[in-house]
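Let me begin by presenting the structure, written as structure tokens, before commenting on it.
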Amino acid sequence: MPSHSDILHKHPVSGTIVEEWIIPARGYAAFQMKKGQVLRFVDVEGKQVPDLVCFNAEDLGEAINMGNSLLINKRREFIKGNVIYSIRCRPMMTITDYSNALSYSYGPMCSEEVNRIRYGVPNTPNCRGNLAMALGPWGFNYRDIPNAFVPFMNVEVDGNGTMEIREPTSVPGDYYDLRAEMDLLIGISNCPQERNPCNGWNPTPMGVIIYQ
Ligand SMILES: [Zn+2]
């Protein structure tokens, strides 16, 4: 069986790697990246989603805004070339490449409250809690976390507008690239959800590569 490191490099990057690591299943990360650098997610075991939020590194009040991003891209299912915009409608990240095009752009993420309402179980691990932990050192708390962009997530909307979360179609080594359009603070929750199919019922590690 190939190692996680082999799978991380299954698809070579078109540039110089600045940093790479693997976020454990149910884990999280926060870090800064420079304008022009590319953030690559690598789904090392398949069927796993990372919830991504970002902030202008020079003004942390300028957060990712998925509502603006939907309106300006005029799309619900984002594709290469689409841009993630801030609350001030400035470009934050551009989708530059992927081996699996699926993503979730509507914004809301799993939280203690959503899990309790949907599944009747209190105090479950969740993305909002993960991001509050990751971004705590920058002064963020649970209520400050903006809506996220989620590569690899598989959500189907039928003709009646009913939304259903499905298992991702990502296989080991699938990647998703986003280029920073300004200096950014990034927050990632490697989604710990195991009560719906969004991670194939089984949270697994997520590779991260920063390259330029
Ligand atoms: Zn989640």
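If you're wondering about the labels, chains in the structure tokens are A, B, ... by order shown, residues count from 1 in each chain, ligands from 1 in order shown.
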key: Residues of stretch 58-205 of chain A in alpha helix (DSSP H), written as a ChimeraX atom specification   = /A:66-73,112-119,127-135
Create the file for the chosen residues now, containing C-alpha atoms and written as a PDB file, in the first residue's frame.
ATOM      1  CA  MET A  66     -19.468  32.798   0.239  1.00  0.00           C
ATOM      2  CA  GLY A  67     -22.655  34.797  -0.414  1.00  0.00           C
ATOM      3  CA  ASN A  68     -20.722  37.440  -2.358  1.00  0.00           C
ATOM      4  CA  SER A  69     -18.737  34.671  -4.085  1.00  0.00           C
ATOM      5  CA  LEU A  70     -21.916  32.972  -5.319  1.00  0.00           C
ATOM      6  CA  LEU A  71     -23.348  36.267  -6.608  1.00  0.00           C
ATOM      7  CA  ILE A  72     -20.210  37.455  -8.398  1.00  0.00           C
ATOM      8  CA  ASN A  73     -19.331  34.064  -9.932  1.00  0.00           C
ATOM      9  CA  GLU A 112     -22.342  21.634  17.796  1.00  0.00           C
ATOM     10  CA  GLU A 113     -25.781  23.171  17.324  1.00  0.00           C
ATOM     11  CA  VAL A 114     -26.411  21.869  13.792  1.00  0.00           C
ATOM     12  CA  ASN A 115     -25.315  18.366  14.785  1.00  0.00           C
ATOM     13  CA  ARG A 116     -27.564  18.464  17.847  1.00  0.00           C
ATOM     14  CA  ILE A 117     -30.587  19.536  15.768  1.00  0.00           C
ATOM     15  CA  ARG A 118     -29.934  17.137  12.893  1.00  0.00           C
ATOM     16  CA  TYR A 119     -28.785  14.078  14.823  1.00  0.00           C
ATOM     17  CA  CYS A 127     -15.950  22.232  11.981  1.00  0.00           C
ATOM     18  CA  ARG A 128     -16.987  25.435  13.757  1.00  0.00           C
ATOM     19  CA  GLY A 129     -15.335  24.236  16.967  1.00  0.00           C
ATOM     20  CA  ASN A 130     -12.243  23.121  15.026  1.00  0.00           C
ATOM     21  CA  LEU A 131     -11.904  26.522  13.341  1.00  0.00           C
ATOM     22  CA  ALA A 132     -12.377  28.367  16.645  1.00  0.00           C
ATOM     23  CA  MET A 133      -9.504  26.296  18.083  1.00  0.00           C
ATOM     24  CA  ALA A 134      -7.323  26.825  14.992  1.00  0.00           C
ATOM     25  CA  LEU A 135      -7.927  30.591  14.834  1.00  0.00           C
TER      26      LEU A 135
END
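The list of residues with at least one atom within 12 Å of A:Gly136, based on only C-alpha atoms and without residues fewer than 6 positions apart in the same chain, reads A:Tyr28, A:Ala29, A:Ala30, A:Phe31, A:Arg128, A:Gly129, A:Asn130, A:Tyr142, A:Arg143, A:Asp144, A:Ile145, A:Gly187.
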request  = Write out as a VMD selection string each polymer residue whose atoms come within 8 Å of A:Ile22, counting only C-alpha atoms; drop sequence neighbours fewer than 3 positions from it.
outcome  = chain A and resid 205 to 208
ask   = Leaving out A:Asn199 and any residue of its chain fewer than 5 positions from it, which residues lie within 7 Å of it when counting only C-alpha atoms, given as an MDAnalysis selection string?
value = chainID A and resid 47:49 167:168 193:194
Hey, which bits of chain A sit within 12 Å of ligand 1, and for each residue what's the closest pair of atoms and how far apart in Å (one decimal), counting only C-alpha atoms and all ligand atoms, rows by chain and increasing number, as CSV?
residue,atom,partner,partner_atom_place_in_ligand_line,distance
A:Ala25,CA,ligand 1,1 (Zn),11.6
A:Arg26,CA,ligand 1,1 (Zn),8.9
A:Gly27,CA,ligand 1,1 (Zn),10.8
A:Tyr28,CA,ligand 1,1 (Zn),10.9
A:Gln48,CA,ligand 1,1 (Zn),10.1
A:Val49,CA,ligand 1,1 (Zn),7.8
A:Pro50,CA,ligand 1,1 (Zn),7.7
A:Asp51,CA,ligand 1,1 (Zn),6.6
A:Leu52,CA,ligand 1,1 (Zn),10.2
A:Tyr104,CA,ligand 1,1 (Zn),11.4
A:Gly107,CA,ligand 1,1 (Zn),10.9
A:Pro108,CA,ligand 1,1 (Zn),9.0
A:Met109,CA,ligand 1,1 (Zn),5.3
A:Cys110,CA,ligand 1,1 (Zn),4.3
A:Ser111,CA,ligand 1,1 (Zn),7.2
A:Glu112,CA,ligand 1,1 (Zn),10.0
A:Val114,CA,ligand 1,1 (Zn),10.1
A:Asn115,CA,ligand 1,1 (Zn),9.6
A:Thr124,CA,ligand 1,1 (Zn),10.6
A:Pro125,CA,ligand 1,1 (Zn),8.5
A:Asn126,CA,ligand 1,1 (Zn),5.4
A:Cys127,CA,ligand 1,1 (Zn),4.2
A:Arg128,CA,ligand 1,1 (Zn),7.4
A:Gly129,CA,ligand 1,1 (Zn),9.4
A:Asn130,CA,ligand 1,1 (Zn),8.8
A:Leu131,CA,ligand 1,1 (Zn),9.9
A:Asn147,CA,ligand 1,1 (Zn),11.2
A:Ala148,CA,ligand 1,1 (Zn),9.7
A:Phe149,CA,ligand 1,1 (Zn),11.0
A:Val150,CA,ligand 1,1 (Zn),9.1
A:Pro151,CA,ligand 1,1 (Zn),11.8
A:Met153,CA,ligand 1,1 (Zn),10.1
A:Ile165,CA,ligand 1,1 (Zn),11.7
A:Ile188,CA,ligand 1,1 (Zn),10.2
A:Ser189,CA,ligand 1,1 (Zn),7.1
A:Asn190,CA,ligand 1,1 (Zn),7.3
A:Cys191,CA,ligand 1,1 (Zn),3.9
A:Pro192,CA,ligand 1,1 (Zn),5.7
A:Gln193,CA,ligand 1,1 (Zn),5.2
A:Glu194,CA,ligand 1,1 (Zn),9.0
A:Arg195,CA,ligand 1,1 (Zn),10.2
A:Asn196,CA,ligand 1,1 (Zn),9.9
A:Pro197,CA,ligand 1,1 (Zn),11.0
A:Cys198,CA,ligand 1,1 (Zn),8.1
A:Asn199,CA,ligand 1,1 (Zn),8.7
A:Trp201,CA,ligand 1,1 (Zn),11.8
A:Pro203,CA,ligand 1,1 (Zn),9.8
Residue selection dump (C-alpha atoms) as a compact mmCIF listing (two decimals), in the first residue's frame:
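As a result, again36.txt now contains:
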# COMPACT_ATOMS: atom_id res chain seq x y z
CA ALA A 25 -8.45 12.96 10.80
CA ARG A 26 -10.77 15.42 12.67
CA GLY A 27 -7.85 17.88 13.02
CA TYR A 28 -7.40 21.53 12.06
CA GLN A 48 -12.74 13.50 2.93
CA VAL A 49 -13.60 17.22 2.90
CA PRO A 50 -11.65 20.22 4.30
CA ASP A 51 -13.63 23.30 5.40
CA LEU A 52 -11.65 26.40 4.38
CA TYR A 104 -19.57 23.02 -1.70
CA GLY A 107 -21.09 28.24 3.22
CA PRO A 108 -22.65 26.75 6.36
CA MET A 109 -20.64 24.07 8.13
CA CYS A 110 -21.18 21.47 10.83
CA SER A 111 -21.39 22.89 14.35
CA GLU A 112 -22.34 21.63 17.80
CA VAL A 114 -26.41 21.87 13.79
CA ASN A 115 -25.32 18.37 14.79
CA THR A 124 -20.03 16.25 18.88
CA PRO A 125 -16.73 17.26 17.20
CA ASN A 126 -17.52 19.85 14.50
CA CYS A 127 -15.95 22.23 11.98
CA ARG A 128 -16.99 25.44 13.76
CA GLY A 129 -15.34 24.24 16.97
CA ASN A 130 -12.24 23.12 15.03
CA LEU A 131 -11.90 26.52 13.34
CA ASN A 147 -18.99 30.47 6.31
CA ALA A 148 -16.56 28.14 4.54
CA PHE A 149 -15.66 26.89 1.07
CA VAL A 150 -15.39 23.09 0.98
CA PRO A 151 -13.43 21.29 -1.78
CA MET A 153 -17.83 18.02 -0.86
CA ILE A 165 -25.28 15.54 1.19
CA ILE A 188 -8.88 24.72 7.90
CA SER A 189 -11.08 22.17 9.63
CA ASN A 190 -10.53 18.62 8.43
CA CYS A 191 -14.24 17.91 8.82
CA PRO A 192 -14.91 15.52 11.73
CA GLN A 193 -18.48 14.77 10.66
CA GLU A 194 -19.36 11.07 10.86
CA ARG A 195 -23.16 11.28 11.08
CA ASN A 196 -23.75 12.01 7.40
CA PRO A 197 -22.01 10.89 4.16
CA CYS A 198 -19.95 14.12 3.67
CA ASN A 199 -16.75 12.24 4.66
CA TRP A 201 -19.04 8.16 7.21
CA PRO A 203 -13.14 11.02 8.74
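Compared by their closest atoms to A:His4, and using only C-alpha atoms, the residues A:Val42, A:Ile95, A:Ala180, A:Val83 rank with A:Val42 nearest.
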message = What's the separation between atom CA of A:Ile87 and atom CA of A:Pro137, in Å to one decimal place?
response = 22.0 Å
Can you tell me, as an mmCIF file with C-alpha atoms, in the first residue's frame, what residues are no more than 9 Å from A:Phe55 when counting only C-alpha atoms, ignoring any on the same chain fewer than 4 positions away?
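The resulting file, result-v2.cif, is shown below:
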data_model
loop_
_atom_site.group_PDB
_atom_site.id
_atom_site.type_symbol
_atom_site.label_atom_id
_atom_site.label_comp_id
_atom_site.auth_asym_id
_atom_site.auth_seq_id
_atom_site.Cartn_x
_atom_site.Cartn_y
_atom_site.Cartn_z
ATOM 1 C CA ASP A 59 -7.084 43.332 8.225
ATOM 2 C CA LEU A 60 -8.555 40.234 9.852
ATOM 3 C CA GLY A 61 -12.038 41.826 9.760
ATOM 4 C CA GLU A 62 -12.053 41.258 5.994
ATOM 5 C CA ALA A 63 -13.272 37.650 5.882
ATOM 6 C CA ILE A 64 -14.221 35.181 3.183
ATOM 7 C CA SER A 86 -14.277 38.761 0.737
ATOM 8 C CA MET A 92 -9.119 36.387 -1.946
ATOM 9 C CA ASP A 183 -1.714 37.907 1.859
ATOM 10 C CA LEU A 184 -4.023 35.637 3.853
ATOM 11 C CA LEU A 185 -4.667 34.045 7.197
ATOM 12 C CA ILE A 186 -6.080 30.584 6.442
ATOM 13 C CA GLY A 187 -8.156 28.375 8.728
#
